[in-house]
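Next up, coords.txt (compact mmCIF, C-alpha atoms):
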```txt
# COMPACT_ATOMS: atom_id res chain seq x y z
CA MET A 1 -35.91 96.61 27.47
CA ALA A 2 -35.65 98.80 24.37
CA GLU A 3 -36.25 102.00 26.31
CA ASN A 4 -33.53 101.23 28.86
CA ILE A 5 -30.64 102.58 26.83
CA ASP A 6 -27.18 102.26 28.36
CA THR A 7 -25.46 105.45 29.45
CA GLY A 8 -21.94 104.19 28.67
CA PHE A 9 -20.67 103.73 25.13
CA ARG A 10 -19.82 100.32 23.82
CA PRO A 11 -19.02 99.53 20.19
CA LYS A 12 -21.46 97.60 18.09
CA PRO A 13 -21.00 93.81 17.99
CA PRO A 14 -18.33 92.38 15.68
CA ARG A 15 -19.20 91.33 12.17
CA ALA A 16 -20.05 87.69 11.63
CA THR A 17 -17.26 85.67 10.06
CA ALA A 18 -19.50 82.82 8.98
CA ALA A 19 -23.19 82.45 8.34
CA PRO A 20 -25.21 80.77 11.11
CA VAL A 21 -25.52 77.04 10.64
CA CYS A 22 -27.99 75.93 8.01
CA GLY A 23 -29.31 72.37 8.24
CA ASP A 24 -29.76 69.73 5.54
CA GLY A 25 -31.77 71.01 2.60
CA CYS A 26 -31.66 74.58 3.92
CA ARG A 27 -30.44 77.36 1.61
CA VAL A 28 -31.17 80.23 4.02
CA PRO A 29 -29.22 80.42 7.32
CA ALA A 30 -31.14 80.53 10.62
CA ALA A 31 -34.44 80.52 8.74
CA THR A 32 -37.80 79.00 9.64
CA ALA A 33 -39.03 75.89 7.86
CA ALA A 34 -41.20 78.11 5.63
CA THR A 35 -38.22 79.97 4.16
CA CYS A 36 -35.20 77.69 4.54
CA ALA A 37 -35.58 76.20 1.05
CA GLY A 38 -35.12 79.66 -0.43
CA GLU A 39 -38.34 80.11 -2.41
CA PRO A 40 -39.02 83.78 -3.23
CA HIS A 41 -42.22 83.90 -1.17
CA ALA A 42 -43.03 81.91 1.95
CA THR A 43 -46.44 80.30 1.51
CA GLU A 44 -46.59 78.20 4.66
CA PRO A 45 -48.00 79.58 7.92
CA VAL A 46 -45.39 80.31 10.58
CA ALA A 47 -46.10 80.67 14.30
CA TYR A 48 -43.73 83.55 14.99
CA ASP A 49 -43.47 84.47 18.65
CA GLY A 50 -41.79 87.87 18.45
CA ILE A 51 -40.92 90.84 16.26
CA LEU A 52 -37.50 92.41 15.75
CA LEU A 53 -37.79 96.09 14.82
CA LEU A 54 -34.52 97.12 13.14
CA GLY A 55 -33.39 100.75 13.01
CA PHE A 56 -30.36 102.74 11.92
CA GLY A 57 -29.76 104.27 15.35
CA GLY A 58 -28.55 107.70 16.39
CA PRO A 59 -26.82 109.57 19.21
CA GLU A 60 -28.77 110.61 22.30
CA GLY A 61 -26.45 113.40 23.49
CA GLN A 62 -23.37 115.41 22.59
CA ASP A 63 -20.99 112.80 24.05
CA ASP A 64 -22.52 110.13 21.80
CA VAL A 65 -22.03 111.90 18.49
CA ILE A 66 -18.45 110.95 17.59
CA PRO A 67 -18.73 107.35 18.92
CA PHE A 68 -21.91 106.98 16.87
CA LEU A 69 -20.23 108.31 13.73
CA ARG A 70 -17.32 105.93 14.33
CA ASN A 71 -19.85 103.09 14.24
CA VAL A 72 -21.43 104.38 11.04
CA THR A 73 -18.05 104.67 9.29
CA ALA A 74 -16.37 101.61 10.82
CA GLY A 75 -13.70 100.11 8.59
CA ARG A 76 -13.18 103.22 6.48
CA GLY A 77 -10.36 104.75 8.52
CA ILE A 78 -11.97 108.18 8.78
CA PRO A 79 -10.27 110.30 11.49
CA ASP A 80 -12.30 112.02 14.20
CA GLU A 81 -11.39 115.42 12.74
CA ARG A 82 -13.33 114.60 9.58
CA LEU A 83 -16.17 113.04 11.53
CA GLU A 84 -16.52 116.31 13.42
CA GLU A 85 -17.30 118.00 10.11
CA VAL A 86 -20.43 115.87 9.90
CA ALA A 87 -21.12 116.04 13.63
CA HIS A 88 -22.29 119.65 13.42
CA HIS A 89 -25.61 118.41 12.01
CA TYR A 90 -26.19 116.54 15.26
CA ARG A 91 -24.60 119.25 17.43
CA HIS A 92 -27.16 121.69 15.99
CA PHE A 93 -29.89 119.58 17.60
CA GLY A 94 -28.14 119.12 20.94
CA GLY A 95 -26.36 115.95 19.85
CA VAL A 96 -29.65 114.08 19.75
CA SER A 97 -30.89 112.34 16.64
CA PRO A 98 -34.69 112.13 16.53
CA ILE A 99 -34.56 108.65 15.02
CA ASN A 100 -34.46 106.77 18.33
CA GLU A 101 -37.51 108.55 19.70
CA HIS A 102 -39.33 107.91 16.43
CA ASN A 103 -38.54 104.21 16.72
CA ARG A 104 -39.79 104.16 20.32
CA GLU A 105 -43.03 105.71 19.06
CA LEU A 106 -43.24 103.20 16.21
CA LYS A 107 -42.56 100.32 18.59
CA ALA A 108 -45.41 101.49 20.83
CA ALA A 109 -47.75 101.93 17.86
CA LEU A 110 -46.91 98.47 16.50
CA THR A 111 -47.43 96.93 19.93
CA ALA A 112 -50.86 98.55 20.17
CA GLU A 113 -51.88 97.47 16.65
CA LEU A 114 -50.74 93.90 17.22
CA ALA A 115 -52.68 93.77 20.48
CA ALA A 116 -55.77 95.19 18.78
CA ARG A 117 -55.63 92.30 16.33
CA GLY A 118 -55.21 89.76 19.12
CA LEU A 119 -51.60 88.94 18.20
CA ASP A 120 -49.27 88.10 21.09
CA LEU A 121 -46.05 89.26 19.44
CA PRO A 122 -43.77 91.40 21.60
CA VAL A 123 -41.71 93.95 19.67
CA HIS A 124 -37.98 94.04 20.42
CA TRP A 125 -36.14 97.06 19.00
CA GLY A 126 -32.48 97.12 18.00
CA ASN A 127 -30.24 99.41 15.95
CA ARG A 128 -27.36 99.03 13.55
CA ASN A 129 -25.23 101.90 14.83
CA TRP A 130 -26.28 102.75 18.37
CA MET A 131 -27.73 101.27 21.52
CA PRO A 132 -29.82 99.22 21.79
CA TYR A 133 -28.08 97.18 19.08
CA VAL A 134 -29.68 94.43 17.03
CA ALA A 135 -27.80 91.90 19.17
CA ASP A 136 -29.36 93.45 22.30
CA ALA A 137 -32.84 93.03 20.83
CA LEU A 138 -32.15 89.45 19.80
CA GLN A 139 -30.79 88.59 23.25
CA ASP A 140 -33.78 90.25 24.95
CA ALA A 141 -36.15 88.24 22.77
CA HIS A 142 -34.37 84.96 23.54
CA ASP A 143 -34.22 85.74 27.26
CA ALA A 144 -38.00 86.21 27.13
CA GLY A 145 -38.40 82.78 25.58
CA ARG A 146 -38.92 83.97 22.01
CA THR A 147 -37.15 81.81 19.45
CA ARG A 148 -39.01 82.27 16.15
CA LEU A 149 -38.71 85.90 15.15
CA LEU A 150 -39.85 88.06 12.24
CA ALA A 151 -37.75 91.16 11.51
CA ILE A 152 -39.03 94.50 10.22
CA ALA A 153 -36.39 96.95 9.01
CA THR A 154 -37.34 100.63 9.01
CA SER A 155 -36.46 100.96 5.34
CA ALA A 156 -38.78 100.33 2.42
CA TYR A 157 -36.48 99.96 -0.59
CA SER A 158 -33.86 97.59 -1.96
CA SER A 159 -30.16 98.45 -1.76
CA TYR A 160 -27.16 97.39 0.27
CA SER A 161 -27.69 99.95 3.04
CA SER A 162 -31.47 99.66 3.14
CA CYS A 163 -31.86 95.89 2.97
CA ARG A 164 -28.81 93.64 2.74
CA GLN A 165 -26.91 95.47 5.49
CA TYR A 166 -29.82 94.86 7.87
CA ARG A 167 -29.67 91.19 6.94
CA GLU A 168 -25.95 91.24 7.72
CA ASP A 169 -26.77 92.89 11.05
CA LEU A 170 -28.99 89.92 11.85
CA ALA A 171 -26.21 87.45 11.02
CA ASP A 172 -23.80 89.48 13.19
CA ALA A 173 -26.31 89.45 16.04
CA VAL A 174 -26.85 85.70 15.95
CA GLU A 175 -23.10 85.13 16.12
CA ALA A 176 -22.43 87.81 18.75
CA THR A 177 -25.09 86.39 21.09
CA GLY A 178 -24.05 82.78 20.61
CA LEU A 179 -27.61 81.91 19.59
CA THR A 180 -26.74 79.93 16.48
CA GLY A 181 -29.15 77.02 16.28
CA LEU A 182 -31.29 78.44 19.10
CA VAL A 183 -33.29 81.06 17.20
CA GLU A 184 -34.93 81.28 13.79
CA VAL A 185 -35.15 84.67 12.08
CA ASP A 186 -37.06 85.67 8.95
CA LYS A 187 -37.64 89.18 7.59
CA VAL A 188 -40.68 90.83 6.00
CA ARG A 189 -40.43 91.87 2.36
CA GLN A 190 -39.38 95.34 1.25
CA PHE A 191 -42.59 97.35 1.48
CA PHE A 192 -41.99 100.26 -0.91
CA ASP A 193 -45.25 99.63 -2.81
CA HIS A 194 -47.44 98.40 0.04
CA PRO A 195 -50.53 100.65 0.36
CA GLY A 196 -49.73 101.28 4.02
CA PHE A 197 -46.44 102.92 3.07
CA VAL A 198 -47.72 104.84 0.03
CA THR A 199 -50.92 106.24 1.58
CA PRO A 200 -49.19 108.61 4.07
CA PHE A 201 -47.27 110.24 1.20
CA VAL A 202 -50.46 110.72 -0.79
CA ASP A 203 -52.16 112.23 2.25
CA GLY A 204 -49.20 114.50 2.93
CA LEU A 205 -49.04 115.73 -0.64
CA ARG A 206 -52.78 116.46 -0.69
CA THR A 207 -52.40 118.47 2.53
CA ALA A 208 -49.52 120.47 1.06
CA ILE A 209 -51.43 121.16 -2.16
CA ALA A 210 -54.36 122.48 -0.13
CA GLU A 211 -51.96 124.79 1.73
CA LEU A 212 -50.52 126.13 -1.54
CA GLU A 213 -54.02 126.76 -2.85
CA ALA A 214 -54.90 128.57 0.37
CA ARG A 215 -51.91 130.83 -0.32
CA GLY A 216 -53.29 131.65 -3.76
CA ILE A 217 -51.14 129.31 -5.83
CA THR A 218 -53.77 127.59 -7.94
CA ASP A 219 -52.16 126.94 -11.34
CA LEU A 220 -50.43 123.89 -9.96
CA GLU A 221 -49.60 122.24 -13.26
CA ASN A 222 -47.52 125.26 -14.35
CA ASP A 223 -46.33 126.91 -11.14
CA VAL A 224 -45.49 123.93 -8.92
CA GLU A 225 -43.03 121.05 -9.16
CA VAL A 226 -42.93 118.01 -6.89
CA LEU A 227 -39.50 116.79 -5.85
CA PHE A 228 -39.50 113.24 -4.55
CA SER A 229 -36.35 113.07 -2.46
CA THR A 230 -34.45 110.01 -1.28
CA HIS A 231 -31.01 109.18 0.06
CA SER A 232 -28.32 109.17 -2.60
CA ILE A 233 -26.12 106.08 -2.71
CA PRO A 234 -23.07 105.19 -4.83
CA THR A 235 -24.13 104.39 -8.37
CA SER A 236 -22.24 101.09 -8.12
CA ASP A 237 -24.45 100.08 -5.16
CA ALA A 238 -27.58 101.29 -6.94
CA ASP A 239 -26.74 99.29 -10.07
CA ARG A 240 -26.33 96.15 -7.93
CA SER A 241 -29.58 96.60 -6.03
CA GLY A 242 -32.16 93.90 -6.54
CA PRO A 243 -31.63 90.56 -8.31
CA ALA A 244 -29.53 90.84 -11.45
CA GLU A 245 -31.94 88.63 -13.38
CA ARG A 246 -34.65 91.28 -13.14
CA GLY A 247 -32.60 93.45 -15.50
CA PHE A 248 -33.39 96.82 -13.95
CA GLY A 249 -30.44 98.50 -15.67
CA PRO A 250 -28.78 101.71 -14.42
CA GLY A 251 -29.88 102.50 -10.89
CA GLY A 252 -31.06 98.95 -10.31
CA ALA A 253 -34.07 98.15 -8.17
CA TYR A 254 -33.38 101.16 -5.93
CA VAL A 255 -34.15 103.73 -8.63
CA ALA A 256 -36.86 101.60 -10.24
CA GLN A 257 -38.75 101.20 -6.97
CA HIS A 258 -38.62 104.90 -6.08
CA THR A 259 -39.72 105.86 -9.58
CA ALA A 260 -42.62 103.42 -9.54
CA VAL A 261 -43.82 104.66 -6.14
CA ALA A 262 -43.59 108.31 -7.23
CA GLU A 263 -45.67 107.48 -10.31
CA GLN A 264 -48.23 105.77 -8.10
CA ILE A 265 -48.50 108.74 -5.75
CA ILE A 266 -49.05 111.16 -8.64
CA ALA A 267 -51.64 108.81 -10.13
CA GLN A 268 -53.54 108.64 -6.85
CA LEU A 269 -53.57 112.43 -6.64
CA GLY A 270 -55.42 112.56 -9.92
CA ARG A 271 -53.56 115.72 -10.93
CA ASP A 272 -50.91 115.95 -13.63
CA LEU A 273 -48.27 117.70 -11.55
CA PRO A 274 -44.72 117.89 -12.91
CA TRP A 275 -42.31 115.92 -10.76
CA GLN A 276 -38.86 114.44 -10.61
CA LEU A 277 -36.86 112.05 -8.44
CA VAL A 278 -33.97 113.77 -6.65
CA TYR A 279 -31.32 112.75 -4.15
CA GLN A 280 -29.84 114.07 -0.94
CA SER A 281 -27.36 113.35 1.86
CA ARG A 282 -24.46 112.39 -0.38
CA SER A 283 -21.23 111.53 1.44
CA GLY A 284 -17.90 109.96 0.56
CA PRO A 285 -15.07 111.05 -1.74
CA PRO A 286 -16.06 113.30 -4.67
CA GLN A 287 -14.43 111.00 -7.24
CA VAL A 288 -16.95 108.23 -6.45
CA PRO A 289 -20.15 108.66 -8.52
CA TRP A 290 -23.39 108.85 -6.55
CA LEU A 291 -26.97 109.10 -7.74
CA GLU A 292 -27.97 112.57 -9.00
CA PRO A 293 -29.39 115.18 -9.24
CA ASP A 294 -28.87 116.54 -5.75
CA ILE A 295 -32.01 118.22 -4.49
CA ASN A 296 -30.29 121.59 -4.19
CA ASP A 297 -29.13 121.42 -7.80
CA ALA A 298 -32.64 120.47 -8.88
CA LEU A 299 -34.06 123.45 -6.99
CA GLN A 300 -31.69 125.78 -8.84
CA GLU A 301 -33.31 124.76 -12.14
CA LEU A 302 -36.92 125.42 -11.15
CA PRO A 303 -37.19 129.23 -11.54
CA GLY A 304 -35.88 128.93 -15.09
CA ARG A 305 -38.80 126.63 -15.88
CA GLY A 306 -41.29 129.12 -14.52
CA ARG A 307 -41.91 127.39 -11.22
CA THR A 308 -42.84 129.56 -8.26
CA ALA A 309 -43.40 126.80 -5.70
CA VAL A 310 -42.03 123.38 -4.84
CA LEU A 311 -43.37 120.47 -2.83
CA ILE A 312 -40.64 118.29 -1.32
CA VAL A 313 -41.73 114.72 -0.62
CA PRO A 314 -39.25 112.71 1.54
CA LEU A 315 -40.03 109.54 -0.37
CA GLY A 316 -37.05 107.55 0.87
CA PHE A 317 -37.64 108.09 4.58
CA VAL A 318 -40.05 106.57 7.08
CA SER A 319 -39.69 109.27 9.76
CA ASP A 320 -38.35 112.77 10.39
CA HIS A 321 -34.81 111.78 11.26
CA MET A 322 -31.61 113.76 10.75
CA GLU A 323 -31.47 113.60 6.96
CA VAL A 324 -34.97 115.05 6.86
CA LEU A 325 -34.49 117.71 9.54
CA TRP A 326 -31.10 118.89 8.26
CA ASP A 327 -30.83 118.12 4.54
CA LEU A 328 -34.43 118.99 3.74
CA ASP A 329 -35.86 121.22 6.46
CA THR A 330 -32.63 123.21 6.82
CA GLU A 331 -30.51 123.12 3.66
CA ALA A 332 -33.10 122.49 0.93
CA LEU A 333 -35.65 124.92 2.34
CA GLU A 334 -32.91 127.55 2.67
CA THR A 335 -31.98 126.99 -0.99
CA ALA A 336 -35.61 127.33 -2.03
CA GLY A 337 -35.95 130.54 -0.02
CA GLU A 338 -32.87 132.04 -1.66
CA LEU A 339 -34.41 131.27 -5.06
CA GLY A 340 -37.71 132.92 -4.12
CA LEU A 341 -39.63 129.64 -4.24
CA VAL A 342 -42.53 128.87 -1.96
CA ALA A 343 -41.50 125.51 -0.51
CA LEU A 344 -43.29 122.95 1.61
CA ARG A 345 -41.94 119.64 2.87
CA THR A 346 -44.58 116.95 3.20
CA ALA A 347 -44.87 114.46 6.05
CA THR A 348 -43.08 111.15 6.44
CA PRO A 349 -45.10 108.04 7.41
CA GLY A 350 -43.98 108.20 11.07
CA THR A 351 -46.81 106.57 12.99
CA HIS A 352 -49.52 107.31 10.42
CA PRO A 353 -52.28 104.75 11.07
CA ALA A 354 -52.06 103.36 7.53
CA TYR A 355 -48.32 102.82 7.86
CA VAL A 356 -48.55 101.09 11.22
CA ALA A 357 -51.45 98.94 10.01
CA GLY A 358 -49.50 98.13 6.85
CA LEU A 359 -46.50 96.87 8.81
CA VAL A 360 -48.76 94.59 10.81
CA ASP A 361 -50.38 93.45 7.55
CA LEU A 362 -46.88 92.36 6.48
CA VAL A 363 -46.59 90.36 9.68
CA GLU A 364 -49.99 88.74 9.20
CA GLU A 365 -49.27 87.70 5.62
CA ARG A 366 -46.32 85.71 6.97
CA LEU A 367 -48.29 84.27 9.88
CA ARG A 368 -50.87 83.00 7.37
CA GLY A 369 -48.44 82.10 4.58
CA ASP A 370 -50.33 84.15 1.97
CA ALA A 371 -49.66 83.42 -1.68
CA ALA A 372 -47.81 86.16 -3.54
CA ALA A 373 -50.89 86.86 -5.66
CA ASP A 374 -52.87 87.71 -2.52
CA ARG A 375 -50.38 90.24 -1.13
CA PRO A 376 -51.16 93.95 -1.47
CA HIS A 377 -48.84 95.91 -3.78
CA LEU A 378 -49.39 99.01 -5.88
CA THR A 379 -46.74 98.64 -8.60
CA ASP A 380 -45.77 96.00 -11.13
CA LEU A 381 -42.49 95.48 -9.25
CA GLY A 382 -44.12 93.84 -6.26
CA PRO A 383 -44.84 92.08 -4.12
CA TRP A 384 -41.14 91.96 -3.28
CA TYR A 385 -39.36 88.84 -2.05
CA ASP A 386 -39.54 87.31 1.42
CA VAL A 387 -36.19 85.63 0.73
CA CYS A 388 -33.63 87.82 -1.03
CA ARG A 389 -32.22 86.28 -4.17
CA PRO A 390 -28.58 85.24 -4.62
CA GLY A 391 -26.25 88.15 -5.28
CA CYS A 392 -28.90 90.76 -4.42
CA CYS A 393 -27.64 94.20 -3.31
CA GLU A 394 -23.91 93.57 -3.25
CA ASN A 395 -21.67 96.22 -1.69
CA LYS A 396 -18.85 96.66 -4.20
CA ARG A 397 -16.37 97.82 -1.58
CA LEU A 398 -17.04 95.11 1.01
CA GLY A 399 -18.25 92.22 -1.09
CA PHE A 400 -20.68 89.64 0.24
CA GLN A 401 -20.76 89.13 4.01
CA PRO A 402 -22.86 86.56 5.94
CA ALA A 403 -26.53 87.56 5.95
CA LEU A 404 -29.87 86.09 6.98
CA ALA A 405 -33.23 86.12 5.15
CA GLY A 406 -31.63 85.47 1.76
CA ILE A 407 -29.82 82.90 -0.33
CA ALA A 408 -26.02 83.20 -0.21
CA PRO A 409 -24.02 85.06 -1.30
```
Before anything else, please render the file you have as structure tokens.
Amino acid sequence: MAENIDTGFRPKPPRATAAPVCGDGCRVPAATAATCAGEPHATEPVAYDGILLLGFGGPEGQDDVIPFLRNVTAGRGIPDERLEEVAHHYRHFGGVSPINEHNRELKAALTAELAARGLDLPVHWGNRNWMPYVADALQDAHDAGRTRLLAIATSAYSSYSSCRQYREDLADAVEATGLTGLVEVDKVRQFFDHPGFVTPFVDGLRTAIAELEARGITDLENDVEVLFSTHSIPTSDADRSGPAERGFGPGGAYVAQHTAVAEQIIAQLGRDLPWQLVYQSRSGPPQVPWLEPDINDALQELPGRGRTAVLIVPLGFVSDHMEVLWDLDTEALETAGELGLVALRTATPGTHPAYVAGLVDLVEERLRGDAAADRPHLTDLGPWYDVCRPGCCENKRLGFQPALAGIAP
């Protein structure tokens, strides 16, 4: 059903006004028995019968661009004239975001890997901002007789937009479909430090280093800088990411997780390359602080430090979607060229075998009910939680909305 995308626009389902019913002794709405009590990690086996693959969504043609952007900015009162200023990124590529095709490819790869392991778990794909929506995927799964579902969001880190908002999407979907009490939905943990997610970045960086060396750039420690790039978010959202009791400080879990993964990648390289964490794709009013430095500002500083080359690692992204193709492959590489820097952008995980296998590993750890100590993780921050903690990843502007796979609020 996921490939049969409607040709006519319809808005995304309305936001849930109340969390799906939670029974006696349950602290997590619409959860399975293994997670309903709200423990950080589920250590009981669960016989899931389907997978929900959750994506951001994107337009599939020029006529879709403005309706899609209306979905993305819903509730902010942004007129179409301003949306058209952003639309040119999509217009440049024929109005088609690559993200949907990437998710179709990931869905197919996950289906194949699950089958190879003898797991009868159909994958139902749904998006936040474009068809097929999360509610469509949930309805498809229920229509096929699937009632105990495990969700995988195509985002590795903790923040409102990369975790909690997907959990809100699930609550919206349960309400919009009228399936309250008829389905159970859990979600895999944030996988920023799972080996399956980290390995493709290490491989990509090694490939890029070999290319630089083939071009005659061999003094890597002095001539080259690695920029680990991720999506900027408002500093207020970053500070609220992750559970407050972890005490991450400025930037919250979002910055801490990216930093820890970057350190791990450099360590696995075995080379002491200079690096920094940078941000991209900022939006919103200029008076609202967002995470910095912007990648283009960081690039401006490199020649003054004697750098002649830069390796851009899209650390915050799982595939080559619009923020990668435009903000990195177009704008950042143009900036680097103007500065006389040799610049290479490394690969995203995409359908790298390690990444696909790692996602299925996350499924299997929940099928088995693995103890936290037995779960693969490469940093001291993990393994992350199966059940998000109370107050995790609040959106300052919107406050707490109904969400699944976590303890309210």
Once 6 Å is added on each side, what are the centre and the three edge lengths, in Å to one decimal, of the axis-aligned box enclosing the listed atoms of range 92-100 of chain A? Present them as JSON.
```
{"center_x": -30.5, "center_y": 114.2, "center_z": 18.0, "size_x": 20.3, "size_y": 26.9, "size_z": 17.9}
```
Counting all atoms listed in the file, the residue among A:Arg146, A:Pro13, A:Ala238, A:Arg27 that lies closest to Met131 in chain A is A:Pro13
Determine, for each residue of range 365-391 of chain A having at least one atom at most 12 Å from an atom of range 243-257 of chain A, the closest pair of atoms and their separation in Å to one decimal, counting only C-alpha atoms; order by chain and ascending number, as a tab-separated table.
```
residue	atom	partner	partner_atom	distance
A:His377	CA	A:Gln257	CA	11.8
A:Leu378	CA	A:Gln257	CA	10.9
A:Thr379	CA	A:Gln257	CA	8.5
A:Asp380	CA	A:Gln257	CA	9.7
A:Leu381	CA	A:Gln257	CA	7.2
A:Gly382	CA	A:Gln257	CA	9.1
A:Pro383	CA	A:Gln257	CA	11.3
A:Trp384	CA	A:Gln257	CA	10.2
A:Tyr385	CA	A:Pro243	CA	10.1
A:Val387	CA	A:Pro243	CA	11.3
A:Cys388	CA	A:Pro243	CA	8.0
A:Arg389	CA	A:Pro243	CA	6.0
A:Pro390	CA	A:Pro243	CA	7.2
A:Gly391	CA	A:Pro243	CA	6.6
```
Can you spit out the residues from that selection as a PDB file, keeping the file's coordinate frame, using C-alpha atoms?
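Ended up saving to result-v9.pdb:
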```pdb
ATOM      1  CA  HIS A 377     -48.840  95.910  -3.780  1.00  0.00           C
ATOM      2  CA  LEU A 378     -49.390  99.010  -5.880  1.00  0.00           C
ATOM      3  CA  THR A 379     -46.740  98.640  -8.600  1.00  0.00           C
ATOM      4  CA  ASP A 380     -45.770  96.000 -11.130  1.00  0.00           C
ATOM      5  CA  LEU A 381     -42.490  95.480  -9.250  1.00  0.00           C
ATOM      6  CA  GLY A 382     -44.120  93.840  -6.260  1.00  0.00           C
ATOM      7  CA  PRO A 383     -44.840  92.080  -4.120  1.00  0.00           C
ATOM      8  CA  TRP A 384     -41.140  91.960  -3.280  1.00  0.00           C
ATOM      9  CA  TYR A 385     -39.360  88.840  -2.050  1.00  0.00           C
ATOM     10  CA  VAL A 387     -36.190  85.630   0.730  1.00  0.00           C
ATOM     11  CA  CYS A 388     -33.630  87.820  -1.030  1.00  0.00           C
ATOM     12  CA  ARG A 389     -32.220  86.280  -4.170  1.00  0.00           C
ATOM     13  CA  PRO A 390     -28.580  85.240  -4.620  1.00  0.00           C
ATOM     14  CA  GLY A 391     -26.250  88.150  -5.280  1.00  0.00           C
TER      15      GLY A 391
END
```
Compare A:Gln276, A:Ser159, A:Thr346, A:Thr218 by their minimum atom-to-atom distance to Arg240 in chain A, counting only C-alpha atoms, and give me the closest one.
A:Ser159
Counting all atoms listed in the file, the option among A:His88, A:Pro234, A:Ala33, A:Gly145 closest to Pro285 in chain A:
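Of A:His88, A:Pro234, A:Ala33, A:Gly145, the one nearest Pro285 in chain A, counting all atoms listed in the file, is A:Pro234.
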